[in-house]
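What follows is the content of run.cif (mmCIF, C-alpha atoms).
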```
data_model
#
loop_
_atom_site.label_atom_id
_atom_site.label_comp_id
_atom_site.auth_asym_id
_atom_site.auth_seq_id
_atom_site.Cartn_x
_atom_site.Cartn_y
_atom_site.Cartn_z
CA LYS A 277 -37.90 -44.88 -145.27
CA GLY A 278 -41.20 -46.17 -146.57
CA VAL A 279 -42.85 -42.77 -146.10
CA CYS A 280 -41.13 -40.48 -148.58
CA SER A 281 -37.94 -40.12 -150.60
CA ASP A 282 -36.20 -37.60 -152.87
CA VAL A 283 -38.13 -34.71 -151.32
CA SER A 284 -36.41 -31.36 -151.78
CA PHE A 285 -37.99 -27.90 -151.88
CA SER A 286 -37.51 -24.34 -150.69
CA VAL A 287 -39.82 -21.65 -149.36
CA ARG A 288 -38.85 -17.99 -149.40
CA LYS A 289 -39.95 -15.09 -147.22
CA GLY A 290 -43.17 -13.55 -148.49
CA GLU A 291 -44.09 -16.64 -150.48
CA ILE A 292 -46.91 -19.20 -150.29
CA VAL A 293 -45.87 -22.63 -151.59
CA GLY A 294 -48.73 -25.06 -152.16
CA PHE A 295 -48.50 -28.83 -151.75
CA THR A 296 -51.13 -30.92 -153.47
CA GLY A 297 -51.71 -34.52 -154.53
CA LEU A 298 -54.06 -37.37 -153.79
CA VAL A 299 -54.99 -38.30 -150.23
CA GLY A 300 -52.33 -40.72 -148.96
CA ALA A 301 -49.63 -39.34 -151.27
CA GLY A 302 -47.47 -38.39 -148.28
CA ARG A 303 -48.03 -34.61 -148.08
CA THR A 304 -48.86 -34.55 -144.37
CA GLU A 305 -46.06 -36.98 -143.54
CA ILE A 306 -43.50 -34.72 -145.26
CA MET A 307 -44.60 -31.81 -143.07
CA GLN A 308 -44.51 -33.96 -139.93
CA LEU A 309 -40.97 -35.09 -140.78
CA ILE A 310 -39.81 -31.49 -141.15
CA TYR A 311 -41.51 -30.62 -137.87
CA GLY A 312 -39.93 -33.44 -135.89
CA PHE A 313 -43.27 -35.15 -135.25
CA ILE A 314 -42.00 -38.18 -137.19
CA LYS A 315 -38.35 -39.20 -136.78
CA ARG A 316 -36.46 -38.91 -140.06
CA ASP A 317 -33.84 -41.39 -141.24
CA SER A 318 -31.97 -38.91 -143.43
CA GLY A 319 -32.13 -35.47 -144.95
CA LYS A 320 -31.38 -31.92 -143.84
CA VAL A 321 -33.43 -28.84 -142.99
CA PHE A 322 -32.03 -25.35 -143.55
CA ILE A 323 -33.44 -22.13 -142.08
CA ASP A 324 -31.98 -18.82 -143.24
CA GLY A 325 -29.33 -20.80 -145.12
CA LYS A 326 -28.06 -22.64 -142.03
CA GLU A 327 -28.54 -26.33 -141.31
CA THR A 328 -30.96 -26.72 -138.42
CA LEU A 329 -31.34 -29.81 -136.25
CA ILE A 330 -35.00 -30.53 -135.51
CA ARG A 331 -35.57 -33.66 -133.45
CA SER A 332 -38.97 -32.81 -131.97
CA PRO A 333 -41.85 -30.34 -132.34
CA ARG A 334 -40.33 -28.45 -129.39
CA ASP A 335 -37.19 -27.84 -131.48
CA ALA A 336 -39.32 -26.71 -134.43
CA VAL A 337 -41.20 -24.19 -132.27
CA ARG A 338 -37.95 -22.77 -130.93
CA LYS A 339 -36.63 -22.42 -134.50
CA GLY A 340 -39.67 -20.35 -135.47
CA ILE A 341 -41.85 -22.91 -137.26
CA GLY A 342 -45.59 -23.09 -136.60
CA LEU A 343 -47.67 -26.08 -137.72
CA ILE A 344 -51.43 -25.86 -138.18
CA PRO A 345 -52.27 -29.59 -138.36
CA GLU A 346 -54.85 -31.38 -140.48
CA GLU A 347 -56.48 -32.96 -137.41
CA ARG A 348 -57.65 -29.76 -135.72
CA LYS A 349 -59.46 -31.34 -132.77
CA LYS A 350 -56.89 -34.09 -132.10
CA GLN A 351 -53.61 -32.23 -132.70
CA GLY A 352 -54.36 -28.50 -132.86
CA LEU A 353 -56.47 -27.87 -129.77
CA VAL A 354 -56.99 -28.98 -126.18
CA LEU A 355 -60.78 -29.07 -126.38
CA GLY A 356 -61.37 -29.04 -122.62
CA LEU A 357 -59.32 -25.87 -122.12
CA SER A 358 -60.43 -22.27 -122.60
CA VAL A 359 -59.88 -19.92 -125.52
CA PHE A 360 -57.28 -18.12 -123.39
CA ASP A 361 -55.34 -21.28 -122.49
CA ASN A 362 -55.30 -22.63 -126.04
CA SER A 363 -54.20 -19.31 -127.52
CA ALA A 364 -51.37 -19.02 -124.98
CA LEU A 365 -49.96 -22.55 -125.35
CA THR A 366 -47.08 -21.62 -127.66
CA ILE A 367 -45.77 -18.64 -125.64
CA LEU A 368 -45.68 -20.07 -122.11
CA ASP A 369 -41.88 -20.41 -122.29
CA GLN A 370 -41.53 -16.75 -123.32
CA TYR A 371 -43.74 -15.37 -120.56
CA SER A 372 -42.68 -17.27 -117.46
CA VAL A 373 -40.13 -16.45 -114.78
CA PHE A 374 -38.93 -19.28 -112.51
CA GLY A 375 -42.01 -21.28 -113.45
CA LEU A 376 -44.49 -18.45 -112.78
CA LEU A 377 -46.58 -17.21 -115.71
CA ARG A 378 -46.87 -13.49 -116.43
CA ARG A 379 -50.62 -13.86 -117.02
CA GLY A 380 -51.26 -10.13 -117.35
CA GLU A 381 -48.92 -9.79 -120.33
CA ILE A 382 -50.22 -13.01 -121.87
CA GLY A 383 -53.79 -11.74 -121.42
CA VAL A 384 -53.08 -8.53 -123.35
CA LEU A 385 -51.57 -10.50 -126.26
CA VAL A 386 -54.39 -13.04 -126.38
CA ARG A 387 -57.18 -10.45 -126.14
CA ASN A 388 -55.65 -8.40 -128.94
CA MET A 389 -55.26 -11.48 -131.14
CA VAL A 390 -58.83 -12.68 -130.51
CA LYS A 391 -60.09 -9.20 -131.47
CA LYS A 392 -57.83 -8.95 -134.53
CA MET A 393 -58.95 -12.36 -135.82
CA ASP A 394 -62.61 -11.70 -135.00
CA ILE A 395 -62.98 -14.93 -133.02
CA LYS A 396 -66.61 -15.29 -131.93
CA THR A 397 -66.57 -16.27 -128.25
CA PRO A 398 -68.60 -14.95 -125.28
CA THR A 399 -65.47 -14.78 -123.06
CA LEU A 400 -61.84 -15.93 -123.10
CA LYS A 401 -62.85 -18.50 -120.47
CA GLN A 402 -65.13 -20.33 -122.92
CA GLN A 403 -64.10 -23.93 -123.63
CA VAL A 404 -63.04 -24.24 -127.27
CA ARG A 405 -65.11 -27.41 -127.77
CA LEU A 406 -68.24 -25.24 -127.57
CA LEU A 407 -67.23 -23.00 -130.48
CA SER A 408 -67.91 -23.44 -134.21
CA GLY A 409 -65.40 -25.17 -136.47
CA GLY A 410 -64.36 -21.89 -138.06
CA ASN A 411 -63.69 -20.24 -134.71
CA GLN A 412 -61.83 -23.30 -133.47
CA GLN A 413 -59.56 -23.10 -136.52
CA LYS A 414 -58.93 -19.41 -135.87
CA ILE A 415 -57.81 -20.29 -132.33
CA VAL A 416 -55.39 -22.88 -133.76
CA LEU A 417 -53.99 -20.07 -135.92
CA SER A 418 -53.99 -17.47 -133.13
CA LYS A 419 -51.66 -19.46 -130.88
CA TRP A 420 -49.01 -19.38 -133.63
CA PHE A 421 -49.65 -15.76 -134.57
CA VAL A 422 -48.90 -14.57 -131.02
CA ARG A 423 -45.55 -16.37 -131.30
CA HIS A 424 -44.66 -14.54 -134.56
CA CYS A 425 -43.16 -17.51 -136.40
CA LYS A 426 -40.80 -17.24 -139.38
CA ILE A 427 -42.37 -20.23 -141.13
CA TYR A 428 -45.99 -21.40 -141.11
CA ILE A 429 -47.12 -24.83 -142.30
CA PHE A 430 -50.87 -25.04 -142.96
CA ASP A 431 -52.13 -28.61 -143.42
CA GLU A 432 -55.68 -28.58 -144.87
CA PRO A 433 -56.41 -25.24 -143.14
CA THR A 434 -59.97 -24.86 -144.46
CA ARG A 435 -61.26 -28.41 -144.13
CA GLY A 436 -64.65 -28.61 -142.41
CA ILE A 437 -65.32 -24.87 -142.10
CA ASP A 438 -67.85 -22.62 -143.83
CA VAL A 439 -67.16 -20.41 -146.85
CA GLY A 440 -67.01 -17.18 -144.84
CA ALA A 441 -64.39 -18.57 -142.45
CA LYS A 442 -62.40 -19.93 -145.42
CA VAL A 443 -62.12 -16.47 -146.97
CA GLU A 444 -60.95 -15.02 -143.64
CA ILE A 445 -58.24 -17.69 -143.32
CA TYR A 446 -57.08 -17.05 -146.91
CA LYS A 447 -56.67 -13.35 -146.05
CA LEU A 448 -54.74 -14.18 -142.87
CA MET A 449 -52.36 -16.41 -144.84
CA GLN A 450 -51.80 -13.73 -147.46
CA ASN A 451 -51.16 -11.14 -144.74
CA LEU A 452 -48.54 -13.42 -143.16
CA ALA A 453 -46.72 -13.69 -146.48
CA GLN A 454 -46.94 -9.93 -147.04
CA ASP A 455 -45.44 -9.38 -143.58
CA GLY A 456 -42.42 -11.50 -144.58
CA ALA A 457 -43.24 -14.98 -143.30
CA ALA A 458 -42.65 -18.12 -145.37
CA VAL A 459 -45.89 -20.08 -145.81
CA VAL A 460 -46.44 -23.72 -146.82
CA MET A 461 -50.01 -24.76 -147.60
CA VAL A 462 -51.12 -28.39 -147.97
CA SER A 463 -54.54 -28.89 -149.52
CA SER A 464 -56.59 -31.46 -151.42
CA GLU A 465 -58.65 -28.68 -153.03
CA LEU A 466 -56.94 -27.89 -156.32
CA LEU A 467 -58.71 -24.55 -156.87
CA GLU A 468 -57.65 -23.45 -153.39
CA ILE A 469 -54.03 -24.37 -154.12
CA MET A 470 -54.06 -22.68 -157.53
CA ASN A 471 -55.57 -19.45 -156.21
CA MET A 472 -53.37 -19.15 -153.12
CA SER A 473 -49.94 -20.39 -154.20
CA ASP A 474 -46.95 -18.62 -155.75
CA ARG A 475 -45.49 -22.05 -156.58
CA ILE A 476 -47.01 -25.54 -156.41
CA GLU A 477 -45.38 -28.86 -155.50
CA VAL A 478 -47.23 -32.02 -156.53
CA VAL A 479 -46.69 -35.08 -154.30
CA PHE A 480 -47.22 -38.65 -155.47
CA GLY A 481 -46.08 -41.83 -153.74
CA GLY A 482 -44.03 -39.90 -151.19
CA ARG A 483 -42.09 -37.98 -153.85
CA ILE A 484 -42.33 -34.49 -155.26
CA VAL A 485 -43.06 -35.15 -158.94
#
```

How does this structure look as structure tokens?
Amino acid sequence: KGVCSDVSFSVRKGEIVGFTGLVGAGRTEIMQLIYGFIKRDSGKVFIDGKETLIRSPRDAVRKGIGLIPEERKKQGLVLGLSVFDNSALTILDQYSVFGLLRRGEIGVLVRNMVKKMDIKTPTLKQQVRLLSGGNQQKIVLSKWFVRHCKIYIFDEPTRGIDVGAKVEIYKLMQNLAQDGAAVVMVSSELLEIMNMSDRIEVVFGGRIV
């Protein structure tokens, strides 16, 4: 209540659905509601045709949803931790036995992902705060890619990064869709939305119009 109303949309496998509208229209809040970051008063979320209860981001992760947030440095990264630690954050539950991490297996996954995404870092021990904005954003993406989510929500994924890094992130998003993931992209850049999206939802005053 007071954030959004009458919001209903679907995203299919292999599809990129763009969300656009003016800043403050409620795009980010809609994504945070779906993700359990904001408590919702009403509404239902369905995954694979089945109603899914999501009360927290932890639930969303377990249901196969990855969120790349608008506030990269505040919500997407732990700036004081290393490239390795940030990239492994989402899979700790999958690679631990009785509270002990299987660091060797995690290391193989992270190294392969860093190489695949061409993240420029001297070592995996490098603190992410010392990397460029484009490489920081790739690390935000990499932690979800190693989890192999069904659904990816990208909130302003190219804000504050250079043109070269933007093109790389576009390609990564398209590859995700081609591999069968469902992709939601929120952006203020209309050309970006028009070029990337299969369908576009326009948000105004907390409603899809």

Find the nearest atom pair between each residue of range 308-371 of chain A and range 389-394 of chain A for residues within 12 Å, count all atoms listed in the file, give distances in Å to one decimal, sort rows by chain and ascending number, and present the table as JSON lines.
```
{"residue": "A:Val359", "atom": "CA", "partner": "A:Val390", "partner_atom": "CA", "distance": 8.9}
{"residue": "A:Phe360", "atom": "CA", "partner": "A:Val390", "partner_atom": "CA", "distance": 9.1}
{"residue": "A:Asn362", "atom": "CA", "partner": "A:Val390", "partner_atom": "CA", "distance": 11.5}
{"residue": "A:Ser363", "atom": "CA", "partner": "A:Val390", "partner_atom": "CA", "distance": 8.6}
{"residue": "A:Ala364", "atom": "CA", "partner": "A:Met389", "partner_atom": "CA", "distance": 10.5}
```

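The shortest atom-to-atom distance to Val485 in chain A, with all atoms listed in the file taken into account, belongs to A:Ser284 out of A:Asn388, A:Asn471, A:Ser284, A:Gln403.
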
For this session: Go through A:Ile344, A:Arg334, A:Gln412, A:Arg288 one by one, measure the shortest atom-to-atom distance of each to Asp369 in chain A using only C-alpha atoms, and give the residue with the smallest value.
Result: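 For Asp369 in chain A, the nearest of the given residues is A:Arg334.
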
For this session: Decode the PyMOL selection byres ((chain A and resi 443) around 12) for the given file into explicit residues and return them as a PyMOL selection string.
Result: chain A and resi 410+414+433-434+437-442+444-450+468+471-472

Could you work out an axis-aligned box for range 467-481 of chain A, taking every atom the file lists and adding 6 Å on each side, and report centre and edge lengths in Å to one decimal, as AutoDock Vina command-line options?
```
--center_x -52.0 --center_y -30.2 --center_z -155.3 --size_x 25.3 --size_y 35.2 --size_z 16.4
```

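Interatomic distance, CA of Val478 in chain A against CA of Ala457 in chain A: 21.9 Å.
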
Problem set entry | Which residue of A:Gly300, A:Gly340, A:Gly294, A:Gly352 approaches Val416 in chain A most closely, using only C-alpha atoms |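 Once distances to Val416 in chain A are computed over only C-alpha atoms, the minimum belongs to A:Gly352.
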
Problem set entry | Evaluate the PyMOL selection byres ((chain A and resi 348) around 12) and report residues as a ChimeraX atom specification | /A:343-347,349-355,404-405,409-417,430-437

For this session: Starting from the shown file, work through the PyMOL selection byres ((chain A and resi 479) around 10) and note down what comes out as a PyMOL selection string.
Result: chain A and resi 280+283+295-303+306+476-478+480-485

Exercise. Using only C-alpha atoms, which residue out of A:Ser318, A:Gln402, A:Gln370, A:Thr397 lies closest to Leu357 in chain A?
Worked result: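 Counting only C-alpha atoms, the residue closest to Leu357 in chain A is A:Gln402.
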
Exercise. Which of these, A:Lys277, A:Phe285, A:Thr328, A:Ile292, has the shortest distance to Ile469 in chain A once you count only C-alpha atoms?
Worked result: A:Ile292

Exercise. What does the distance between CA of Arg331 in chain A and CA of Ile310 in chain A come to in Å, to one decimal place?
Worked result: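 If I compute the distance from CA of Arg331 in chain A to CA of Ile310 in chain A, I get 9.1 Å.
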
For this session: Kindly give the distance, in Å, that separates CA of Asp317 in chain A and CA of Ser463 in chain A, rounded to a single decimal.
Result: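 Rounded to one decimal, the two atoms are 25.6 Å apart.
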
Problem set entry | Counting only C-alpha atoms, the residue of A:Ile323, A:Thr304, A:Leu385, A:Phe313 that sits nearest Ser464 in chain A |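 Closest candidate: A:Thr304.
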
Completed range 327-338 of chain A (all heavy atoms) as a compact mmCIF listing (two decimals), in the coordinates of the input:
```txt
# COMPACT_ATOMS: atom_id res chain seq x y z
N GLU A 327 -27.97 -25.04 -141.68
CA GLU A 327 -28.54 -26.33 -141.31
C GLU A 327 -29.07 -26.28 -139.88
O GLU A 327 -28.41 -25.77 -138.98
CB GLU A 327 -27.51 -27.45 -141.45
CG GLU A 327 -28.13 -28.83 -141.22
CD GLU A 327 -27.16 -29.97 -141.42
OE1 GLU A 327 -26.03 -29.73 -141.91
OE2 GLU A 327 -27.53 -31.11 -141.09
N THR A 328 -30.29 -26.78 -139.71
CA THR A 328 -30.96 -26.72 -138.42
C THR A 328 -31.37 -28.11 -137.98
O THR A 328 -32.01 -28.84 -138.74
CB THR A 328 -32.22 -25.83 -138.53
OG1 THR A 328 -31.85 -24.54 -139.03
CG2 THR A 328 -32.88 -25.66 -137.17
N LEU A 329 -31.00 -28.49 -136.77
CA LEU A 329 -31.34 -29.81 -136.25
C LEU A 329 -32.70 -29.74 -135.56
O LEU A 329 -32.87 -29.03 -134.57
CB LEU A 329 -30.26 -30.29 -135.27
CG LEU A 329 -30.41 -31.72 -134.75
CD1 LEU A 329 -30.34 -32.73 -135.90
CD2 LEU A 329 -29.33 -32.02 -133.71
N ILE A 330 -33.66 -30.48 -136.10
CA ILE A 330 -35.00 -30.53 -135.51
C ILE A 330 -35.31 -31.98 -135.18
O ILE A 330 -35.53 -32.80 -136.07
CB ILE A 330 -36.06 -29.95 -136.47
CG1 ILE A 330 -35.76 -28.47 -136.75
CG2 ILE A 330 -37.46 -30.10 -135.89
CD1 ILE A 330 -36.67 -27.85 -137.80
N ARG A 331 -35.31 -32.29 -133.89
CA ARG A 331 -35.57 -33.66 -133.45
C ARG A 331 -36.96 -33.85 -132.86
O ARG A 331 -37.39 -34.98 -132.63
CB ARG A 331 -34.52 -34.06 -132.41
CG ARG A 331 -33.10 -34.18 -132.97
CD ARG A 331 -32.06 -34.27 -131.88
NE ARG A 331 -32.01 -33.04 -131.10
CZ ARG A 331 -31.09 -32.74 -130.20
NH1 ARG A 331 -30.12 -33.60 -129.97
NH2 ARG A 331 -31.12 -31.60 -129.54
N SER A 332 -37.65 -32.74 -132.59
CA SER A 332 -38.97 -32.81 -131.97
C SER A 332 -39.75 -31.54 -132.31
O SER A 332 -39.15 -30.53 -132.72
CB SER A 332 -38.83 -32.93 -130.45
OG SER A 332 -38.32 -31.70 -129.92
N PRO A 333 -41.07 -31.56 -132.14
CA PRO A 333 -41.85 -30.34 -132.34
C PRO A 333 -41.36 -29.18 -131.46
O PRO A 333 -41.41 -28.03 -131.88
CB PRO A 333 -43.27 -30.76 -131.96
CG PRO A 333 -43.32 -32.21 -132.31
CD PRO A 333 -41.95 -32.73 -131.94
N ARG A 334 -40.87 -29.50 -130.27
CA ARG A 334 -40.33 -28.45 -129.39
C ARG A 334 -39.19 -27.70 -130.08
O ARG A 334 -39.10 -26.47 -130.03
CB ARG A 334 -39.84 -29.06 -128.07
CG ARG A 334 -39.34 -28.03 -127.05
CD ARG A 334 -38.67 -28.73 -125.89
NE ARG A 334 -39.61 -29.56 -125.15
CZ ARG A 334 -40.26 -29.14 -124.07
NH1 ARG A 334 -40.08 -27.93 -123.60
NH2 ARG A 334 -41.10 -29.96 -123.44
N ASP A 335 -38.29 -28.47 -130.73
CA ASP A 335 -37.19 -27.84 -131.48
C ASP A 335 -37.73 -26.95 -132.60
O ASP A 335 -37.23 -25.85 -132.83
CB ASP A 335 -36.26 -28.91 -132.09
CG ASP A 335 -35.44 -29.65 -131.05
OD1 ASP A 335 -35.27 -29.12 -129.94
OD2 ASP A 335 -34.98 -30.77 -131.36
N ALA A 336 -38.75 -27.47 -133.30
CA ALA A 336 -39.32 -26.71 -134.43
C ALA A 336 -39.91 -25.39 -133.96
O ALA A 336 -39.71 -24.34 -134.59
CB ALA A 336 -40.39 -27.56 -135.12
N VAL A 337 -40.61 -25.42 -132.83
CA VAL A 337 -41.20 -24.19 -132.27
C VAL A 337 -40.11 -23.19 -131.95
O VAL A 337 -40.21 -21.99 -132.28
CB VAL A 337 -42.04 -24.51 -131.02
CG1 VAL A 337 -42.50 -23.22 -130.34
CG2 VAL A 337 -43.25 -25.36 -131.38
N ARG A 338 -39.06 -23.67 -131.31
CA ARG A 338 -37.95 -22.77 -130.93
C ARG A 338 -37.23 -22.20 -132.15
O ARG A 338 -36.64 -21.12 -132.06
CB ARG A 338 -36.97 -23.52 -130.04
CG ARG A 338 -37.51 -23.76 -128.63
CD ARG A 338 -36.59 -24.62 -127.82
NE ARG A 338 -37.04 -24.73 -126.43
CZ ARG A 338 -36.61 -25.64 -125.57
NH1 ARG A 338 -35.71 -26.53 -125.96
NH2 ARG A 338 -37.06 -25.67 -124.33
```
